[in-house]
>>> print(open('entry.cif').read())   # mmCIF, C-alpha atoms
data_work
loop_
_atom_site.label_atom_id
_atom_site.label_comp_id
_atom_site.auth_asym_id
_atom_site.auth_seq_id
_atom_site.Cartn_x
_atom_site.Cartn_y
_atom_site.Cartn_z
CA MET A 1 -28.09 -16.47 -8.32
CA LYS A 2 -25.93 -17.09 -11.32
CA GLU A 3 -22.26 -16.71 -10.67
CA ILE A 4 -20.77 -14.18 -13.01
CA GLU A 5 -17.06 -13.87 -13.49
CA LEU A 6 -15.64 -11.07 -11.50
CA THR A 7 -13.48 -8.59 -13.38
CA LYS A 8 -14.12 -5.28 -11.72
CA PHE A 9 -13.34 -3.90 -8.33
CA LEU A 10 -14.72 -0.82 -6.68
CA VAL A 11 -12.89 1.71 -4.55
CA SER A 12 -14.53 4.30 -2.38
CA PHE A 13 -12.72 7.39 -1.18
CA ASN A 14 -14.19 9.47 1.54
CA GLY A 15 -12.46 12.34 3.20
CA HIS A 16 -11.64 15.97 3.55
CA ILE A 17 -9.06 18.40 2.35
CA GLU A 18 -8.57 19.74 5.84
CA TYR A 19 -6.31 22.75 5.74
CA VAL A 20 -3.47 24.57 4.04
CA ILE A 21 -0.36 25.70 5.91
CA PHE A 22 1.90 28.53 4.89
CA PRO A 23 4.82 28.57 7.34
CA ALA A 24 5.40 32.32 7.13
CA GLY A 25 1.77 33.30 7.59
CA VAL A 26 -1.01 34.08 5.18
CA PHE A 27 -0.99 37.57 3.74
CA ASP A 28 -3.87 37.10 1.35
CA GLU A 29 -7.34 38.34 2.04
CA GLN A 30 -9.01 35.15 0.95
CA LEU A 31 -7.83 31.74 -0.13
CA TYR A 32 -9.73 29.07 -1.94
CA ILE A 33 -8.94 25.64 -3.29
CA GLN A 34 -10.03 23.68 -6.30
CA TYR A 35 -9.62 19.95 -6.48
CA GLU A 36 -9.67 17.49 -9.33
CA VAL A 37 -9.52 13.73 -9.20
CA VAL A 38 -7.49 12.28 -12.04
CA TRP A 39 -7.50 8.60 -13.00
CA GLY A 40 -6.10 6.31 -15.67
CA ILE A 41 -7.71 4.73 -18.71
CA ASP A 42 -9.23 1.64 -17.14
CA TRP A 43 -11.00 3.59 -14.48
CA ASP A 44 -14.46 5.07 -14.46
CA PRO A 45 -16.25 7.09 -11.83
CA LYS A 46 -19.36 5.58 -10.26
CA SER A 47 -20.51 8.38 -8.02
CA GLY A 48 -19.33 11.56 -6.39
CA LEU A 49 -17.86 14.78 -7.66
CA CYS A 50 -14.55 14.59 -9.44
CA THR A 51 -13.97 18.34 -9.30
CA GLY A 52 -14.87 20.99 -6.79
CA THR A 53 -14.20 24.48 -5.57
CA SER A 54 -14.13 25.42 -1.93
CA GLN A 55 -15.37 28.41 -0.03
CA MET A 56 -13.30 31.56 0.36
CA ALA A 57 -11.39 31.16 3.59
CA ARG A 58 -9.11 33.19 5.78
CA PRO A 59 -6.93 32.21 8.72
CA GLY A 60 -8.12 32.34 12.31
CA SER A 61 -6.05 32.65 15.46
CA ASP A 62 -3.27 30.61 13.86
CA PRO A 63 -1.96 32.90 11.13
CA GLU A 64 -0.30 30.05 9.23
CA LYS A 65 -3.30 27.82 8.83
CA VAL A 66 -6.33 28.18 6.60
CA ILE A 67 -9.00 25.61 7.26
CA PHE A 68 -11.28 24.48 4.46
CA ASN A 69 -12.51 21.04 5.52
CA MET A 70 -13.58 20.49 1.97
CA PRO A 71 -15.26 17.10 1.53
CA VAL A 72 -14.10 14.78 -1.24
CA GLU A 73 -16.25 11.74 -1.84
CA MET A 74 -15.84 9.44 -4.79
CA VAL A 75 -16.50 5.89 -5.81
CA LEU A 76 -14.52 4.59 -8.74
CA GLY A 77 -14.42 1.26 -10.47
CA SER A 78 -11.67 -0.37 -12.46
CA THR A 79 -10.31 -3.61 -13.80
CA ASN A 80 -6.70 -2.65 -13.24
CA ILE A 81 -4.74 -0.89 -10.53
CA PHE A 82 -2.73 1.00 -13.12
CA GLY A 83 -3.88 4.59 -13.28
CA TRP A 84 -4.79 4.72 -9.61
CA PRO A 85 -6.69 7.96 -8.92
CA GLN A 86 -4.78 11.00 -7.80
CA LEU A 87 -6.01 14.24 -6.36
CA VAL A 88 -4.72 17.54 -7.68
CA VAL A 89 -5.37 20.47 -5.38
CA THR A 90 -4.94 24.03 -6.63
CA VAL A 91 -4.65 26.73 -3.98
CA ARG A 92 -5.51 30.22 -5.15
CA ALA A 93 -5.73 33.58 -3.43
CA LYS A 94 -8.08 36.43 -4.01
CA ASN A 95 -6.93 39.94 -3.16
CA PHE A 96 -8.34 43.37 -3.74
CA PHE A 97 -5.30 44.72 -5.61
CA SER A 98 -3.66 41.77 -7.28
CA GLY A 99 -6.85 39.91 -8.07
CA ASP A 100 -6.83 36.16 -8.42
CA THR A 101 -3.38 34.61 -8.05
CA LEU A 102 -1.99 31.13 -7.79
CA ARG A 103 -0.52 29.92 -4.49
CA GLY A 104 0.43 26.42 -5.56
CA TYR A 105 -0.49 22.95 -6.65
CA ALA A 106 -0.49 19.84 -4.51
CA LEU A 107 -0.61 16.30 -5.75
CA PHE A 108 -1.88 13.40 -3.66
CA LEU A 109 -2.01 9.76 -4.51
CA LEU A 110 -5.33 8.61 -3.12
CA PRO A 111 -4.60 5.81 -0.64
CA PRO A 112 -4.30 2.36 -2.25
CA VAL A 113 -4.57 0.74 1.19
CA ALA A 114 -7.85 0.42 3.06
CA GLY A 115 -8.28 2.54 6.15
CA THR A 116 -7.97 6.16 7.15
CA HIS A 117 -4.88 7.99 6.08
CA GLU A 118 -3.64 11.45 6.91
CA MET A 119 -1.45 12.83 4.19
CA THR A 120 0.40 16.03 3.55
CA ALA A 121 1.58 17.23 0.18
CA PRO A 122 3.80 20.21 -0.50
CA LEU A 123 2.51 23.10 -2.55
CA VAL A 124 4.47 23.52 -5.73
CA ILE A 125 4.50 26.76 -7.72
CA PRO A 126 5.76 26.93 -11.30
CA ARG A 127 8.46 29.50 -11.94
CA SER A 128 9.44 31.31 -15.12
CA ALA A 129 12.13 29.51 -17.06
CA THR A 130 13.85 32.68 -18.23
CA MET A 131 15.15 35.80 -16.55
CA LEU A 132 12.88 37.96 -18.72
CA GLY A 133 9.89 35.93 -17.69
CA GLU A 134 10.84 36.42 -14.07
CA TRP A 135 11.03 40.19 -14.50
CA LEU A 136 7.73 40.24 -16.32
CA ALA A 137 6.16 38.21 -13.57
CA TRP A 138 7.48 40.65 -11.00
CA LEU A 139 6.37 43.71 -13.02
CA THR A 140 2.90 42.53 -13.87
CA GLY A 141 2.34 40.62 -10.63
CA ARG A 142 1.15 37.63 -12.58
CA GLN A 143 2.93 34.38 -11.85
CA PRO A 144 3.12 31.57 -14.37
CA GLU A 145 0.36 29.01 -14.03
CA LEU A 146 -0.35 25.65 -15.53
CA VAL A 147 -3.03 25.57 -18.20
CA ASP A 148 -4.09 22.17 -17.02
CA PRO A 149 -2.90 21.17 -13.52
CA ARG A 150 -3.79 17.57 -14.31
CA MET A 151 -0.50 17.33 -16.17
CA LEU A 152 1.18 17.03 -12.76
CA ALA A 153 -0.56 13.70 -12.27
CA THR A 154 0.67 12.21 -15.54
CA GLY A 155 4.31 13.03 -14.89
CA LYS A 156 5.21 12.88 -18.55
CA GLU A 157 6.02 16.49 -19.35
CA ASN A 158 6.97 17.60 -15.85
CA TYR A 159 10.62 17.82 -16.74
CA LEU A 160 9.98 21.06 -18.62
CA LEU A 161 8.82 22.76 -15.46
CA ARG A 162 10.79 24.83 -13.01
CA THR A 163 9.25 24.94 -9.62
CA GLU A 164 9.52 26.20 -6.11
CA SER A 165 7.70 24.93 -3.08
CA TYR A 166 6.15 26.71 -0.19
CA GLY A 167 3.53 25.50 2.22
CA HIS A 168 1.58 22.29 2.31
CA VAL A 169 -1.90 20.84 2.17
CA ARG A 170 -3.35 18.34 4.62
CA LEU A 171 -5.72 15.62 3.51
CA LYS A 172 -7.57 13.00 5.50
CA MET A 173 -8.88 10.18 3.40
CA THR A 174 -10.59 6.87 4.09
CA MET A 175 -10.38 4.16 1.49
CA VAL A 176 -12.69 1.17 1.30
CA SER A 177 -12.40 -1.36 -1.50
CA LYS A 178 -14.66 -4.08 -2.80
CA ASP A 179 -13.62 -7.27 -4.61
CA MET A 180 -9.95 -6.34 -4.75
CA ARG A 181 -8.88 -9.33 -2.74
CA LYS A 182 -11.18 -11.60 -4.71
CA LEU A 183 -9.35 -10.53 -7.84
CA GLY A 184 -6.08 -11.60 -6.30
CA TYR A 185 -4.77 -8.18 -5.34
CA ASP A 186 -2.87 -7.77 -2.12
CA ASN A 187 -2.42 -4.22 -0.95
CA MET A 188 -2.26 -4.69 2.81
CA ALA A 189 0.90 -4.87 4.85
CA HIS A 190 -0.49 -7.62 7.11
CA PHE A 191 -3.39 -9.95 6.85
CA LEU A 192 -5.97 -8.80 9.33
CA MET B 1 0.96 -14.61 -14.06
CA ALA B 2 1.89 -12.71 -11.00
CA GLU B 3 1.65 -8.97 -11.18
CA LEU B 4 3.26 -6.10 -9.36
CA HIS B 5 2.02 -2.56 -9.21
CA ILE B 6 4.26 0.24 -8.09
CA ILE B 7 2.34 3.40 -7.39
CA GLY B 8 3.60 6.37 -5.54
CA GLN B 9 5.58 9.52 -5.74
CA LEU B 10 9.15 10.60 -6.09
CA GLN B 11 8.66 12.99 -3.24
CA SER B 12 11.65 15.16 -2.49
CA ALA B 13 15.36 15.59 -2.08
CA SER B 14 16.77 16.97 1.11
CA ASP B 15 20.10 18.32 2.32
CA PHE B 16 21.73 18.68 -1.05
CA ASN B 17 22.48 22.30 -0.08
CA ASP B 18 22.62 23.39 -3.67
CA PRO B 19 21.68 26.97 -4.59
CA ASN B 20 20.60 25.85 -8.06
CA SER B 21 17.40 24.04 -8.83
CA LEU B 22 17.57 20.26 -8.79
CA PHE B 23 15.89 17.64 -10.90
CA CYS B 24 16.00 13.88 -10.87
CA ARG B 25 16.12 11.28 -13.60
CA TYR B 26 14.94 7.88 -12.55
CA SER B 27 14.80 4.50 -14.15
CA PHE B 28 13.46 1.19 -12.94
CA GLN B 29 15.62 -1.83 -13.59
CA THR B 30 14.38 -5.37 -13.49
CA GLY B 31 15.64 -8.83 -14.28
CA PRO B 32 14.75 -10.74 -17.44
CA ASN B 33 11.71 -12.34 -15.82
CA TRP B 34 9.91 -9.06 -15.60
CA THR B 35 7.90 -7.28 -18.28
CA LEU B 36 6.50 -3.81 -18.02
CA ILE B 37 2.89 -3.78 -19.19
CA SER B 38 1.98 -0.16 -18.65
CA GLY B 39 3.61 2.93 -17.24
CA PHE B 40 6.98 4.44 -17.87
CA SER B 41 10.12 2.89 -16.49
CA GLU B 42 12.12 6.07 -17.05
CA GLY B 43 11.41 9.68 -16.46
CA GLN B 44 12.52 13.04 -15.25
CA THR B 45 11.03 15.28 -12.63
CA ALA B 46 10.49 19.00 -12.71
CA SER B 47 13.43 21.07 -11.56
CA GLY B 48 12.72 22.58 -8.20
CA LYS B 49 14.40 25.07 -5.93
CA GLU B 50 15.24 24.22 -2.35
CA ASN B 51 12.81 25.61 0.17
CA PHE B 52 13.65 26.97 3.60
CA LYS B 53 13.84 23.45 5.01
CA ASN B 54 16.61 22.56 2.53
CA SER B 55 14.40 20.23 0.59
CA VAL B 56 13.34 20.21 -3.04
CA GLU B 57 9.78 19.04 -3.51
CA TRP B 58 9.22 17.20 -6.77
CA VAL B 59 6.08 15.17 -6.05
CA HIS B 60 6.55 13.28 -9.27
CA PRO B 61 3.93 10.56 -9.84
CA LEU B 62 5.06 6.98 -10.42
CA ASP B 63 2.74 4.31 -11.75
CA LEU B 64 4.09 1.06 -13.12
CA HIS B 65 2.57 -2.30 -13.82
CA TYR B 66 4.88 -5.32 -14.07
CA VAL B 67 4.20 -8.93 -14.81
CA CYS B 68 6.72 -11.46 -13.57
CA LYS B 69 7.54 -15.06 -14.31
CA GLY B 70 9.93 -15.37 -11.40
CA ILE B 71 11.04 -13.18 -8.56
CA GLN B 72 14.67 -12.96 -9.61
CA GLY B 73 15.57 -9.40 -10.47
CA TRP B 74 12.98 -7.69 -8.32
CA PRO B 75 12.69 -4.06 -9.51
CA LYS B 76 15.22 -1.50 -8.45
CA ILE B 77 15.05 2.22 -8.88
CA ILE B 78 18.11 4.12 -9.99
CA LEU B 79 18.21 7.81 -9.36
CA GLN B 80 20.38 10.54 -10.73
CA VAL B 81 20.01 14.02 -9.32
CA SER B 82 21.27 16.91 -11.40
CA CYS B 83 21.25 20.63 -10.87
CA LEU B 84 20.24 23.31 -13.29
CA ASP B 85 21.78 26.71 -12.72
CA SER B 86 20.48 30.13 -13.69
CA ILE B 87 22.23 30.15 -17.05
CA GLY B 88 20.99 26.76 -18.06
CA ARG B 89 24.01 24.58 -17.31
CA SER B 90 23.42 21.28 -15.65
CA TRP B 91 25.59 18.65 -14.04
CA VAL B 92 25.16 15.62 -11.85
CA VAL B 93 25.05 16.18 -8.09
CA GLY B 94 24.02 12.76 -6.85
CA TYR B 95 23.56 9.11 -7.68
CA GLY B 96 21.42 6.70 -5.75
CA CYS B 97 19.93 3.28 -6.04
CA CYS B 98 17.44 1.33 -4.02
CA ALA B 99 15.77 -2.05 -4.19
CA LEU B 100 12.02 -1.79 -4.01
CA PRO B 101 10.33 -3.45 -1.04
CA SER B 102 8.50 -6.70 -1.62
CA THR B 103 5.78 -6.35 0.96
CA PRO B 104 2.54 -4.74 -0.11
CA GLY B 105 1.39 -1.47 1.36
CA TYR B 106 2.95 1.92 1.95
CA HIS B 107 6.66 2.42 2.10
CA THR B 108 8.65 5.56 2.66
CA ILE B 109 12.08 5.03 1.21
CA LYS B 110 15.01 7.32 1.79
CA VAL B 111 17.81 6.88 -0.69
CA PRO B 112 21.13 8.39 0.36
CA CYS B 113 23.13 9.75 -2.55
CA TRP B 114 26.76 10.12 -3.46
CA VAL B 115 28.63 11.80 -6.27
CA PRO B 116 32.16 11.40 -7.69
CA ALA B 117 34.32 13.87 -5.80
CA ALA B 118 36.82 16.41 -7.03
CA THR B 119 40.20 14.84 -6.53
CA THR B 120 42.68 17.69 -6.92
CA VAL B 121 42.83 21.13 -5.36
CA THR B 122 42.45 22.90 -8.69
CA GLU B 123 39.42 20.85 -9.52
CA ARG B 124 37.90 21.64 -6.17
CA LEU B 125 38.49 25.34 -6.69
CA LYS B 126 37.02 25.11 -10.17
CA GLN B 127 33.93 23.37 -8.89
CA TYR B 128 33.54 25.90 -6.13
CA PHE B 129 33.77 28.98 -8.35
CA ILE B 130 32.60 27.84 -11.76
CA GLY B 131 30.47 24.83 -10.97
CA GLY B 132 30.36 21.51 -12.70
CA GLY B 133 31.27 18.09 -11.50
CA HIS B 134 32.31 14.60 -12.43
CA GLU B 135 29.92 12.22 -14.07
CA LEU B 136 30.04 8.45 -14.29
CA THR B 137 30.59 7.05 -17.76
CA GLN B 138 29.48 3.60 -16.70
CA THR B 139 26.30 4.10 -14.79
CA ASP B 140 25.90 0.44 -13.94
CA ILE B 141 28.29 1.04 -11.06
CA ILE B 142 25.37 2.71 -9.27
CA ASN B 143 23.55 -0.54 -8.76
CA LEU B 144 26.44 -2.96 -8.86
CA GLY B 145 28.87 -3.66 -6.09
CA SER B 146 31.87 -4.45 -8.24
CA ASP B 147 34.62 -2.08 -9.46
CA ARG B 148 33.88 0.53 -6.87
CA PHE B 149 37.26 0.52 -5.23
CA LYS B 150 38.88 3.14 -7.45
CA LEU B 151 36.02 5.57 -7.11
CA ILE B 152 36.36 8.57 -4.82
CA THR B 153 33.02 9.91 -3.82
CA GLN B 154 31.46 12.58 -1.75
CA SER B 155 28.28 12.18 0.27
CA ARG B 156 25.24 14.18 -0.70
CA GLY B 157 21.67 14.43 0.49
CA GLU B 158 18.77 12.04 0.54
CA ILE B 159 15.95 11.36 -1.86
CA LYS B 160 12.58 10.47 -0.42
CA LEU B 161 10.19 8.16 -2.20
CA ASN B 162 6.66 7.34 -1.14
CA ILE B 163 5.72 4.09 -2.73
CA CYS B 164 2.80 1.76 -2.42
CA ILE B 165 3.27 -1.81 -3.58
CA VAL B 166 0.27 -3.84 -4.69
CA LEU B 167 0.84 -7.47 -5.58
CA ARG B 168 -1.45 -9.77 -7.46
CA ASN B 169 -1.59 -13.57 -7.49
CA LEU B 170 1.86 -14.01 -5.99
CA THR B 171 0.62 -16.37 -3.31
CA GLN B 172 -0.97 -18.54 -6.00
CA PHE B 173 2.50 -19.31 -7.28
CA GLY B 174 3.83 -20.13 -3.87
CA VAL B 175 5.74 -16.90 -3.30
CA GLU B 176 5.89 -16.10 0.39
CA TYR B 177 6.46 -12.44 1.04
CA LYS B 178 5.03 -12.04 4.51
#
>>> encode(input="entry.cif", output="structure tokens")
Amino acid sequence: MKEIELTKFLVSFNGHIEYVIFPAGVFDEQLYIQYEVVWGIDWDPKSGLCTGTSQMARPGSDPEKVIFNMPVEMVLGSTNIFGWPQLVVTVRAKNFFSGDTLRGYALFLLPPVAGTHEMTAPLVIPRSATMLGEWLAWLTGRQPELVDPRMLATGKENYLLRTESYGHVRLKMTMVSKDMRKLGYDNMAHFL
Amino acid sequence: MAELHIIGQLQSASDFNDPNSLFCRYSFQTGPNWTLISGFSEGQTASGKENFKNSVEWVHPLDLHYVCKGIQGWPKIILQVSCLDSIGRSWVVGYGCCALPSTPGYHTIKVPCWVPAATTVTERLKQYFIGGGHELTQTDIINLGSDRFKLITQSRGEIKLNICIVLRNLTQFGVEYK
């Protein structure tokens, strides 16, 4: 077989968004999550779903925990580590009276190291920048939301946001890479 | 040329015990051998309120790609935490600096912070009731060890960074990092 020059590496992510924790209990009828995988310019997806919406879930015997076990499976290819894929998780609640409301955004860096990783990310909720906005949010029951949650992954315009955090999301992710070491990359703490 | 990727998150600040929301400005500093190819070496996080665990969650993404000719001046991150109060005033509440690790893989870095303290009683009262604080005019004191003797500082909380280092072709040039 003819030897072709290697320029691309492949990364496979395989895992689950396991559960969401709200430390003071869940008072919503149903919660659901949406996820998006965001990557940089040199990257392109090879297979798998880059966005998804989970089932409607409610807590069980543990009133703080809502289990989704939402699978995330993606294979991406790139020539450059820059723009490493990130996962943006949006947690939303559905109630009879208040309708569909935001519960927070979580941002994960998908693991750049091979192996299984368990990660937690805090849920961040945008807050109104002005007092009037805060009153309006309280009156109407509609909290500010991001038009495009993917902006959290770019980090360029974040400084305009005011946020609060409450709760966290748990992710278990396995990363397997191909040809990264051949391209000269070293991402492991020890040689195995 | 050897390459260095810094990917990760400026995760949180804890134990600042500030009722106002906090944000952080960061900048990466390197020696003359280093060139930034892509990414931003400076930035500012969102301003977040402390949660019930006394920590402000920023989760600000970091993604930098450096090329280096020599390992002198390995990147450092310089952090400046400021607060933003309800009427839009802001002042510095912490300075911190940390050298980035040179081994590849995950690193959780906790950067303890300090701030110039109020020196007189009146100043202390003013800071307590009105707010505000001292700011450094020469910010290079944050990452340099010289000229610190005259500075009176107060200890503040910690900043947590989750960083993953990926190196490329460093062993080819004879650099031994593990």
>>> interface_residues(input="entry.cif", of="chain B", to="chain A", cutoff="9 Å", atoms="only C-alpha atoms", output="number ranges by chain")
B: 3, 5-9, 11, 21, 23-24, 38-40, 43-52, 55-65, 86-87, 103-106, 164-172, 178
>>> closest_residue(input="entry.cif", among="A:Pro85, A:Gly133, A:Gly104, A:Gly77", to="Glu36 in chain A", atoms="only C-alpha atoms")
A:Pro85
>>> resolve_selection(input="entry.cif", expression="the PyMOL selection byres ((chain A and resi 68) around 8)", output="list of chain:residue names")
A:Ile17, A:Glu18, A:Tyr19, A:Val20, A:Ser54, A:Gln55, A:Ala57, A:Val66, A:Ile67, A:Asn69, A:Met70
>>> axis_aligned_box(input="entry.cif", around="range 172-187 of chain A", padding_each_side="5 Å", output="lines of an AutoDock Vina configuration file")
center_x = -8.5
center_y = 0.7
center_z = -1.2
size_x = 22.2
size_y = 34.6
size_z = 23.3
>>> atom_distance(input="entry.cif", atom1="CA of Val11 in chain A", atom2="CA of Glu73 in chain A")
10.9 Å
>>> closest_residue(input="entry.cif", among="B:Gly133, B:Gly96, B:Gly174, B:Gly157", to="Arg25 in chain B", atoms="all atoms listed in the file")
B:Gly96
